[in-house]
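Chemist: This is model23.cif, which holds mmCIF, C-alpha atoms:
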data_data
#
loop_
_atom_site.label_atom_id
_atom_site.label_comp_id
_atom_site.auth_asym_id
_atom_site.auth_seq_id
_atom_site.Cartn_x
_atom_site.Cartn_y
_atom_site.Cartn_z
CA MET A 1 2.42 31.89 20.18
CA THR A 2 0.27 28.99 18.99
CA ASP A 3 0.84 27.44 15.59
CA SER A 4 -2.26 28.24 13.51
CA ARG A 5 -1.10 26.27 10.47
CA THR A 6 -2.98 23.22 9.27
CA ILE A 7 -1.54 19.77 9.93
CA GLU A 8 -0.87 19.45 6.19
CA ASP A 9 1.20 22.67 6.19
CA ARG A 10 3.26 21.54 9.17
CA LEU A 11 3.92 18.25 7.39
CA ARG A 12 4.94 20.06 4.18
CA GLU A 13 7.51 22.01 6.17
CA GLU A 14 8.78 18.79 7.71
CA TYR A 15 9.00 17.19 4.27
CA PHE A 16 11.39 19.84 2.94
CA ASP A 17 13.48 19.56 6.07
CA LEU A 18 13.76 15.79 5.49
CA LEU A 19 14.21 15.95 1.72
CA PRO A 20 18.04 15.95 1.63
CA ASP A 21 18.00 12.84 3.86
CA ILE A 22 15.34 11.18 1.71
CA ARG A 23 17.44 11.73 -1.42
CA ARG A 24 20.57 10.42 0.30
CA VAL A 25 18.80 7.28 1.48
CA ALA A 26 17.35 6.57 -1.99
CA ASP A 27 20.76 7.01 -3.67
CA HIS A 28 22.56 4.98 -1.03
CA LEU A 29 20.11 2.07 -1.16
CA GLU A 30 19.99 1.98 -4.94
CA ALA A 31 23.80 1.80 -5.13
CA GLU A 32 24.01 -0.82 -2.42
CA VAL A 33 21.29 -3.07 -3.85
CA LYS A 34 22.79 -2.83 -7.35
CA TYR A 35 26.16 -3.82 -5.92
CA LEU A 36 24.66 -6.74 -3.99
CA ILE A 37 22.95 -8.27 -6.99
CA LEU A 38 25.74 -7.57 -9.47
CA PRO A 39 27.21 -11.10 -9.26
CA MET A 40 23.75 -12.56 -9.97
CA ARG A 41 23.12 -10.22 -12.89
CA ARG A 42 26.32 -11.34 -14.56
CA LYS A 43 25.05 -14.92 -14.64
CA LEU A 44 21.59 -14.20 -16.04
CA ASP A 45 20.35 -15.89 -19.20
CA ARG A 46 19.56 -13.54 -22.07
CA TYR A 47 15.82 -13.62 -21.37
CA GLU A 48 16.24 -13.06 -17.61
CA GLN A 49 16.13 -9.65 -15.98
CA MET A 50 16.84 -7.97 -12.66
CA VAL A 51 16.02 -4.29 -12.74
CA VAL A 52 16.69 -1.93 -9.83
CA THR A 53 14.87 1.39 -9.60
CA SER A 54 14.68 3.97 -6.82
CA ARG A 55 12.24 6.73 -6.07
CA VAL A 56 11.77 9.61 -3.67
CA LYS A 57 8.20 10.06 -2.49
CA GLY A 58 6.82 13.48 -3.43
CA CYS A 59 5.66 15.99 -0.84
CA GLU A 60 1.90 15.81 -1.50
CA SER A 61 2.04 12.07 -1.92
CA ALA A 62 3.77 11.74 1.48
CA VAL A 63 1.26 13.99 3.26
CA ASP A 64 -1.65 12.19 1.64
CA SER A 65 -0.16 8.80 2.40
CA LEU A 66 0.09 9.68 6.10
CA ARG A 67 -3.52 10.92 6.08
CA ARG A 68 -4.76 7.72 4.45
CA ARG A 69 -3.00 5.67 7.11
CA GLN A 70 -5.42 7.10 9.68
CA GLU A 71 -8.68 5.22 10.00
CA GLY A 72 -11.24 7.29 8.08
CA ALA A 73 -8.34 8.98 6.23
CA THR A 74 -8.71 12.07 8.41
CA PHE A 75 -6.25 13.85 10.66
CA ASP A 76 -7.32 14.63 14.22
CA THR A 77 -7.09 18.43 14.21
CA ASP A 78 -7.22 18.46 18.03
CA GLN A 79 -3.90 16.59 18.09
CA PRO A 80 -1.73 18.27 15.44
CA THR A 81 1.57 17.23 17.00
CA LEU A 82 0.64 13.58 16.73
CA TYR A 83 1.71 13.39 13.10
CA THR A 84 5.15 13.14 11.54
CA LEU A 85 6.27 12.03 8.09
CA ARG A 86 9.03 10.11 9.79
CA ALA A 87 6.39 7.49 10.54
CA LEU A 88 6.33 6.62 6.82
CA ARG A 89 8.61 3.75 5.90
CA ASP A 90 8.72 4.44 2.19
CA LEU A 91 9.85 8.06 1.81
CA ALA A 92 12.84 6.60 0.00
CA GLY A 93 12.25 3.35 -1.84
CA VAL A 94 14.13 0.88 -3.98
CA ARG A 95 12.40 -1.75 -6.06
CA VAL A 96 13.98 -4.84 -7.59
CA LEU A 97 11.99 -6.35 -10.44
CA THR A 98 12.90 -9.92 -11.39
CA PHE A 99 12.01 -12.08 -14.32
CA PRO A 100 11.45 -14.96 -14.14
CA SER A 101 10.05 -15.07 -10.64
CA SER A 102 12.30 -18.01 -9.72
CA ARG A 103 15.10 -15.41 -9.38
CA LEU A 104 13.18 -13.62 -6.65
CA ALA A 105 14.30 -15.91 -3.82
CA GLU A 106 17.96 -15.48 -4.73
CA VAL A 107 17.72 -11.69 -4.65
CA ASP A 108 15.76 -11.83 -1.42
CA GLU A 109 18.38 -14.01 0.27
CA GLU A 110 21.20 -11.64 -0.66
CA ILE A 111 19.30 -8.55 0.47
CA ARG A 112 18.16 -10.13 3.72
CA LYS A 113 21.74 -11.04 4.58
CA ARG A 114 22.86 -7.43 4.18
CA PHE A 115 19.81 -5.83 5.83
CA GLU A 116 19.12 -8.45 8.49
CA SER A 117 18.01 -5.93 11.12
CA TRP A 118 15.34 -4.46 8.81
CA LYS A 119 11.70 -5.15 9.45
CA PRO A 120 10.02 -7.51 6.98
CA ASP A 121 6.59 -6.43 5.79
CA PRO A 122 5.58 -8.57 2.79
CA VAL A 123 2.73 -7.39 0.55
CA THR A 124 0.24 -10.19 1.08
CA GLY A 125 -1.66 -11.83 -1.75
CA MET A 126 -5.45 -11.74 -1.74
CA GLY A 127 -6.11 -15.43 -1.40
CA GLU A 128 -5.38 -17.57 1.63
CA GLY A 129 -2.14 -19.50 1.33
CA GLU A 130 -1.05 -17.48 -1.70
CA PRO A 131 2.57 -16.36 -1.77
CA PRO A 132 3.16 -12.67 -1.04
CA LEU A 133 2.90 -10.28 -3.98
CA ALA A 134 6.16 -8.61 -3.00
CA LEU A 135 8.84 -9.01 -0.36
CA LYS A 136 9.39 -5.77 1.47
CA TYR A 137 11.83 -4.59 4.12
CA SER A 138 12.24 -1.24 5.83
CA GLY A 139 14.77 0.29 8.17
CA TYR A 140 17.55 2.79 8.61
CA CYS A 141 20.83 2.80 6.70
CA GLU A 142 24.09 4.73 7.03
CA ALA A 143 22.76 7.58 4.91
CA SER A 144 20.36 8.92 7.57
CA ASN A 145 19.14 8.30 11.08
CA ARG A 146 15.97 10.31 10.45
CA VAL A 147 14.52 8.69 7.34
CA ARG A 148 13.80 5.02 6.88
CA GLY A 149 14.23 3.35 3.52
CA GLU A 150 12.22 0.57 1.96
CA ILE A 151 13.35 -2.22 -0.35
CA GLN A 152 10.80 -4.14 -2.40
CA ILE A 153 11.48 -7.29 -4.37
CA VAL A 154 8.75 -8.15 -6.78
CA GLN A 155 7.96 -10.24 -9.86
CA MET A 156 8.54 -8.16 -12.95
CA LEU A 157 5.02 -8.21 -14.39
CA ILE A 158 3.32 -7.35 -11.10
CA GLY A 159 5.85 -4.57 -10.44
CA LEU A 160 5.30 -3.15 -13.92
CA PHE A 161 1.54 -3.31 -13.41
CA TRP A 162 1.97 -1.24 -10.22
CA GLU A 163 4.07 1.28 -12.15
CA VAL A 164 1.49 1.60 -14.92
CA GLU A 165 -1.34 1.87 -12.41
CA HIS A 166 0.57 4.52 -10.49
CA SER A 167 1.61 6.65 -13.44
CA ALA A 168 -1.73 6.39 -15.24
CA ILE A 169 -4.04 6.95 -12.30
CA TYR A 170 -2.52 7.93 -8.98
CA LYS A 171 0.31 10.22 -10.00
CA PRO A 172 -1.94 12.67 -11.85
CA SER A 173 -4.69 12.37 -9.20
CA PRO A 174 -3.31 11.19 -5.83
CA LEU A 175 -6.77 11.56 -4.27
CA LEU A 176 -7.91 8.57 -6.32
CA LYS A 177 -5.66 6.26 -4.29
CA GLY A 178 -8.54 5.39 -2.01
CA VAL A 179 -10.40 3.90 -4.99
CA ALA A 180 -8.01 0.94 -4.86
CA ASP A 181 -9.38 -0.03 -1.44
CA HIS A 182 -12.97 -0.34 -2.62
CA LEU A 183 -14.04 -3.98 -2.27
CA GLU A 184 -14.92 -4.30 -5.96
CA MET A 185 -11.62 -2.77 -7.06
CA ARG A 186 -9.75 -5.16 -4.78
CA ARG A 187 -11.52 -8.08 -6.45
CA CYS A 188 -10.59 -6.77 -9.93
CA THR A 189 -6.98 -6.16 -8.89
CA SER A 190 -6.78 -9.68 -7.51
CA GLU A 191 -7.89 -11.01 -10.94
CA VAL A 192 -5.08 -9.02 -12.59
CA TYR A 193 -2.50 -10.49 -10.18
CA LYS A 194 -3.82 -13.97 -10.82
CA ALA A 195 -3.57 -13.51 -14.60
CA LEU A 196 -0.06 -12.04 -14.44
CA ARG A 197 1.11 -14.87 -12.19
CA ALA A 198 -0.42 -17.50 -14.46
CA PHE A 199 1.30 -15.88 -17.45
CA GLU A 200 4.72 -15.95 -15.77
CA ASP A 201 4.27 -19.46 -14.40
CA GLN A 202 3.32 -20.79 -17.82
CA PHE A 203 6.20 -18.96 -19.44
CA GLU A 204 8.64 -20.44 -16.95
CA ALA A 205 7.18 -23.92 -17.36
CA LEU A 206 7.64 -23.75 -21.13
CA LEU A 207 11.19 -22.49 -20.77
CA GLY A 208 11.89 -25.37 -18.38
CA ASP A 209 10.52 -27.88 -20.92
CA GLN A 210 12.63 -26.32 -23.66
CA LYS A 211 15.77 -26.60 -21.54
CA LEU A 212 15.05 -30.24 -20.74
CA GLY A 213 14.35 -30.98 -24.40
CA SER A 214 17.59 -29.46 -25.61
CA ARG A 215 19.73 -31.65 -23.35
CA MET B 1 -10.81 -14.27 0.68
CA VAL B 2 -11.94 -12.99 -2.72
CA GLN B 3 -15.30 -14.61 -1.99
CA ALA B 4 -15.48 -12.74 1.32
CA VAL B 5 -14.68 -9.49 -0.50
CA ASP B 6 -17.54 -10.19 -2.91
CA SER B 7 -20.08 -10.95 -0.22
CA LYS B 8 -19.06 -8.00 1.96
CA TRP B 9 -19.59 -5.72 -1.00
CA GLN B 10 -23.00 -7.35 -1.61
CA ILE B 11 -24.00 -6.71 2.00
CA LEU B 12 -23.06 -3.03 1.75
CA GLN B 13 -24.45 -2.55 -1.74
CA GLN B 14 -27.82 -4.13 -0.90
CA ALA B 15 -28.10 -1.91 2.18
CA GLY B 16 -27.54 1.19 0.03
CA TYR B 17 -23.98 2.10 1.02
CA ALA B 18 -21.76 4.29 -1.14
CA TYR B 19 -17.98 4.58 -0.99
CA ASN B 20 -16.11 7.82 -0.31
CA PHE B 21 -12.68 7.15 -1.81
CA ASP B 22 -11.07 10.25 -0.32
CA ARG B 23 -11.94 9.22 3.26
CA MET B 24 -11.95 5.50 2.54
CA VAL B 25 -15.30 4.90 4.21
CA TYR B 26 -18.59 3.29 3.20
CA PHE B 27 -21.53 5.44 4.24
CA ASN B 28 -25.29 5.57 4.14
CA LYS B 29 -26.88 8.98 4.51
CA GLY B 30 -30.30 7.48 5.33
CA THR B 31 -29.21 5.39 8.29
CA ARG B 32 -26.27 7.72 9.05
CA LYS B 33 -23.77 4.92 9.42
CA VAL B 34 -20.11 5.01 8.42
CA PHE B 35 -17.87 1.96 8.05
CA SER B 36 -14.13 2.39 7.68
CA VAL B 37 -12.29 0.28 5.11
CA ASP B 38 -10.23 -1.17 8.01
CA PHE B 39 -13.36 -2.22 9.89
CA VAL B 40 -14.84 -3.91 6.82
CA GLN B 41 -11.55 -5.66 6.11
CA ASP B 42 -10.97 -6.86 9.68
CA HIS B 43 -14.48 -8.11 10.47
CA SER B 44 -16.33 -11.14 9.16
CA GLU B 45 -19.33 -10.97 6.82
CA HIS B 46 -21.49 -11.96 9.78
CA ASP B 47 -20.20 -9.07 11.93
CA LEU B 48 -20.65 -6.69 9.04
CA GLN B 49 -24.21 -7.86 8.41
CA THR B 50 -25.03 -7.52 12.12
CA SER B 51 -23.67 -3.97 12.19
CA VAL B 52 -25.54 -3.04 9.02
CA ASN B 53 -28.77 -4.43 10.52
CA GLU B 54 -28.39 -2.61 13.84
CA ALA B 55 -31.27 -0.25 14.43
CA SER B 56 -30.46 3.39 13.92
CA ASN B 57 -32.53 6.45 14.65
CA GLY B 58 -30.91 8.24 11.72
CA ALA B 59 -30.37 11.37 13.83
CA GLU B 60 -26.68 11.06 14.63
CA TRP B 61 -23.91 9.54 12.59
CA ARG B 62 -22.70 6.20 13.91
CA PHE B 63 -19.09 5.20 13.23
CA TYR B 64 -18.03 1.60 12.79
CA PHE B 65 -14.26 1.87 13.13
CA ASN B 66 -11.66 -0.47 14.63
CA SER B 67 -10.73 2.33 17.04
CA PRO B 68 -13.38 4.88 17.95
CA PRO B 69 -12.68 8.06 15.95
CA PRO B 70 -11.76 11.16 17.99
CA ALA B 71 -14.32 13.98 18.13
CA ALA B 72 -12.47 16.15 15.59
CA VAL B 73 -12.35 13.27 13.10
CA GLN B 74 -16.09 12.63 13.60
CA ARG B 75 -16.84 16.32 13.00
CA GLU B 76 -14.75 16.40 9.85
CA LEU B 77 -16.32 13.24 8.44
CA GLU B 78 -19.83 14.42 9.27
CA ASN B 79 -19.04 17.60 7.40
CA VAL B 80 -17.64 15.80 4.36
CA LEU B 81 -20.47 13.25 4.18
CA ARG B 82 -23.27 15.78 4.60
#
Produce structure tokens that represent the structure in this file.

Modeler:
Amino acid sequence: MTDSRTIEDRLREEYFDLLPDIRRVADHLEAEVKYLILPMRRKLDRYEQMVVTSRVKGCESAVDSLRRRQEGATFDTDQPTLYTLRALRDLAGVRVLTFPSSRLAEVDEEIRKRFESWKPDPVTGMGEGEPPLALKYSGYCEASNRVRGEIQIVQMLIGLFWEVEHSAIYKPSPLLKGVADHLEMRRCTSEVYKALRAFEDQFEALLGDQKLGSR
Amino acid sequence: MVQAVDSKWQILQQAGYAYNFDRMVYFNKGTRKVFSVDFVQDHSEHDLQTSVNEASNGAEWRFYFNSPPPAAVQRELENVLR
């Protein structure tokens, strides 16, 4: 008997089959990352922060994300078996937000040591020669051999901007995600990143001056 | 890079292209051309301008993708953009 379901319906079924693994991976990675950075967190100044959050991608968001990965954001209905949610690297994700950004490299070094076989996939900045917006790694952990996890390390203000953007716009209306790829929107977003970076850089510079002055 | 983004958008805007955010394509119903976001991102302004200027009979949709879209994808997009 042929399967008359849509590709989206087949993927929804797959999602609920994978869900226990996705949850396990998210919990496992969150615990492990928190443990890894614990010694660093103990030494933080009062104004410094390292925040670890985890999230499980929702069903519709996962299906839509896979669709948007296809050029023209359209599934090939003649090839329904071509698609699997297991191709997504971020079904289970952990994000480390750091402030100030100078702490980012430390966290990255510790995480890279532990997850050295994971594939790096930094979120690139918009300008040439600009540092990446976030450091990102994906791979399998002990919690599952079916679902990959993703770890992101990002400057606090940029990470919080992503969270606001996501909860204000994309979570209520996932279909609007494609708006972010419009050329004009990309230009506006790049301006936001630039402003947030400048803010943090200036903040850090002033803190540095203050420290030097109090010696 | 931001400059390139600006001028690519100018090229498309001046040629009357609109953006379909669900399918992530720029399209022009008059010339029946469709550019994927990936194509626009991965090609230079010059390539984009050349593709926009290419003559079109306006009868069939023409797809400017990095990889040629399969027939079912073309059908679906033609349907959506109608």

Chemist: For B:Ser36, which residue out of A:Lys34, A:Lys194, A:Arg5, A:His182 is the nearest one, using only C-alpha atoms?

Modeler: A:His182

Chemist: Just the residues within 12 Å of A:Tyr35, please, counting all atoms listed in the file, with nothing from its chain fewer than 4 positions along; format it as a PDB file with C-alpha atoms, in the coordinates of the input.

Modeler:
ATOM      1  CA  HIS A  28      22.560   4.980  -1.030  1.00  0.00           C
ATOM      2  CA  LEU A  29      20.110   2.070  -1.160  1.00  0.00           C
ATOM      3  CA  GLU A  30      19.990   1.980  -4.940  1.00  0.00           C
ATOM      4  CA  ALA A  31      23.800   1.800  -5.130  1.00  0.00           C
ATOM      5  CA  PRO A  39      27.210 -11.100  -9.260  1.00  0.00           C
ATOM      6  CA  MET A  40      23.750 -12.560  -9.970  1.00  0.00           C
ATOM      7  CA  ARG A  41      23.120 -10.220 -12.890  1.00  0.00           C
ATOM      8  CA  ARG A  42      26.320 -11.340 -14.560  1.00  0.00           C
ATOM      9  CA  VAL A  52      16.690  -1.930  -9.830  1.00  0.00           C
ATOM     10  CA  VAL A 107      17.720 -11.690  -4.650  1.00  0.00           C
ATOM     11  CA  GLU A 110      21.200 -11.640  -0.660  1.00  0.00           C
ATOM     12  CA  ILE A 111      19.300  -8.550   0.470  1.00  0.00           C
ATOM     13  CA  ARG A 114      22.860  -7.430   4.180  1.00  0.00           C
TER      14      ARG A 114
END

Chemist: Find the distance between atom CA of A:Asp78 and atom CA of A:Leu66 and write it in Å to one decimal.

Modeler: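 Between these atoms lies a distance of 16.5 Å.
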
Chemist: What's the 8 Å shell around B:Arg23, counting only C-alpha atoms, without same-chain residues fewer than 2 positions away, as a PyMOL selection string?

Modeler: (chain A and resi 68+72-74+178) or (chain B and resi 20-21+25+77)

Chemist: Take the residues from that selection and put them in a file with C-alpha atoms, as a PDB file, in the coordinates of the input.

Modeler:
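Output file result_3.pdb follows:
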ATOM      1  CA  ARG A  68      -4.760   7.720   4.450  1.00  0.00           C
ATOM      2  CA  GLY A  72     -11.240   7.290   8.080  1.00  0.00           C
ATOM      3  CA  ALA A  73      -8.340   8.980   6.230  1.00  0.00           C
ATOM      4  CA  THR A  74      -8.710  12.070   8.410  1.00  0.00           C
ATOM      5  CA  GLY A 178      -8.540   5.390  -2.010  1.00  0.00           C
TER       6      GLY A 178
ATOM      7  CA  ASN B  20     -16.110   7.820  -0.310  1.00  0.00           C
ATOM      8  CA  PHE B  21     -12.680   7.150  -1.810  1.00  0.00           C
ATOM      9  CA  VAL B  25     -15.300   4.900   4.210  1.00  0.00           C
ATOM     10  CA  LEU B  77     -16.320  13.240   8.440  1.00  0.00           C
TER      11      LEU B  77
END

Chemist: Return as number ranges by chain the set of residues that the PyMOL selection byres ((chain B) within 7 of (chain A)) yields on the displayed structure.

Modeler: B: 1-2, 5, 9, 21-25, 36, 38, 70, 72-73

Chemist: Using C-alpha atoms, can you export the residues from the last selection as a PDB file, in the frame of the given file?

Modeler:
ATOM      1  CA  MET B   1     -10.810 -14.270   0.680  1.00  0.00           C
ATOM      2  CA  VAL B   2     -11.940 -12.990  -2.720  1.00  0.00           C
ATOM      3  CA  VAL B   5     -14.680  -9.490  -0.500  1.00  0.00           C
ATOM      4  CA  TRP B   9     -19.590  -5.720  -1.000  1.00  0.00           C
ATOM      5  CA  PHE B  21     -12.680   7.150  -1.810  1.00  0.00           C
ATOM      6  CA  ASP B  22     -11.070  10.250  -0.320  1.00  0.00           C
ATOM      7  CA  ARG B  23     -11.940   9.220   3.260  1.00  0.00           C
ATOM      8  CA  MET B  24     -11.950   5.500   2.540  1.00  0.00           C
ATOM      9  CA  VAL B  25     -15.300   4.900   4.210  1.00  0.00           C
ATOM     10  CA  SER B  36     -14.130   2.390   7.680  1.00  0.00           C
ATOM     11  CA  ASP B  38     -10.230  -1.170   8.010  1.00  0.00           C
ATOM     12  CA  PRO B  70     -11.760  11.160  17.990  1.00  0.00           C
ATOM     13  CA  ALA B  72     -12.470  16.150  15.590  1.00  0.00           C
ATOM     14  CA  VAL B  73     -12.350  13.270  13.100  1.00  0.00           C
TER      15      VAL B  73
END

Chemist: Given the file shown, determine the residues that the PyMOL selection byres ((chain B and resi 13) around 12) selects; report them as a VMD selection string.

Modeler: (chain A and resid 182 to 184) or (chain B and resid 6 to 12 14 to 19 26 to 28 49 52)

Chemist: Keeping only C-alpha atoms, write the selected residues as a PDB file, keeping the file's coordinate frame.

Modeler:
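Ended up saving to part.pdb:
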ATOM      1  CA  HIS A 182     -12.970  -0.340  -2.620  1.00  0.00           C
ATOM      2  CA  LEU A 183     -14.040  -3.980  -2.270  1.00  0.00           C
ATOM      3  CA  GLU A 184     -14.920  -4.300  -5.960  1.00  0.00           C
TER       4      GLU A 184
ATOM      5  CA  ASP B   6     -17.540 -10.190  -2.910  1.00  0.00           C
ATOM      6  CA  SER B   7     -20.080 -10.950  -0.220  1.00  0.00           C
ATOM      7  CA  LYS B   8     -19.060  -8.000   1.960  1.00  0.00           C
ATOM      8  CA  TRP B   9     -19.590  -5.720  -1.000  1.00  0.00           C
ATOM      9  CA  GLN B  10     -23.000  -7.350  -1.610  1.00  0.00           C
ATOM     10  CA  ILE B  11     -24.000  -6.710   2.000  1.00  0.00           C
ATOM     11  CA  LEU B  12     -23.060  -3.030   1.750  1.00  0.00           C
ATOM     12  CA  GLN B  14     -27.820  -4.130  -0.900  1.00  0.00           C
ATOM     13  CA  ALA B  15     -28.100  -1.910   2.180  1.00  0.00           C
ATOM     14  CA  GLY B  16     -27.540   1.190   0.030  1.00  0.00           C
ATOM     15  CA  TYR B  17     -23.980   2.100   1.020  1.00  0.00           C
ATOM     16  CA  ALA B  18     -21.760   4.290  -1.140  1.00  0.00           C
ATOM     17  CA  TYR B  19     -17.980   4.580  -0.990  1.00  0.00           C
ATOM     18  CA  TYR B  26     -18.590   3.290   3.200  1.00  0.00           C
ATOM     19  CA  PHE B  27     -21.530   5.440   4.240  1.00  0.00           C
ATOM     20  CA  ASN B  28     -25.290   5.570   4.140  1.00  0.00           C
ATOM     21  CA  GLN B  49     -24.210  -7.860   8.410  1.00  0.00           C
ATOM     22  CA  VAL B  52     -25.540  -3.040   9.020  1.00  0.00           C
TER      23      VAL B  52
END

Chemist: To verify the selection step, state as number ranges by chain which residues the PyMOL selection byres ((chain A and resi 48) around 10) yields on this input.

Modeler: A: 41, 43-47, 49-50, 98-101, 103

Chemist: Just checking: using all atoms listed in the file, which residue out of B:Trp61, B:Asp42, B:Asp47, B:Asn66 ends up closest to B:Asn79?

Modeler: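 Of B:Trp61, B:Asp42, B:Asp47, B:Asn66, the one nearest B:Asn79, counting all atoms listed in the file, is B:Trp61.
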
Chemist: Find the residues around stretch 19-25 of chain A up to 12 Å (all atoms listed in the file counted), leave out those fewer than 6 positions away in its own chain, and share them as a PyMOL selection string.

Modeler: chain A and resi 11-13+31-33+54-59+62+85-86+88-94+138-151
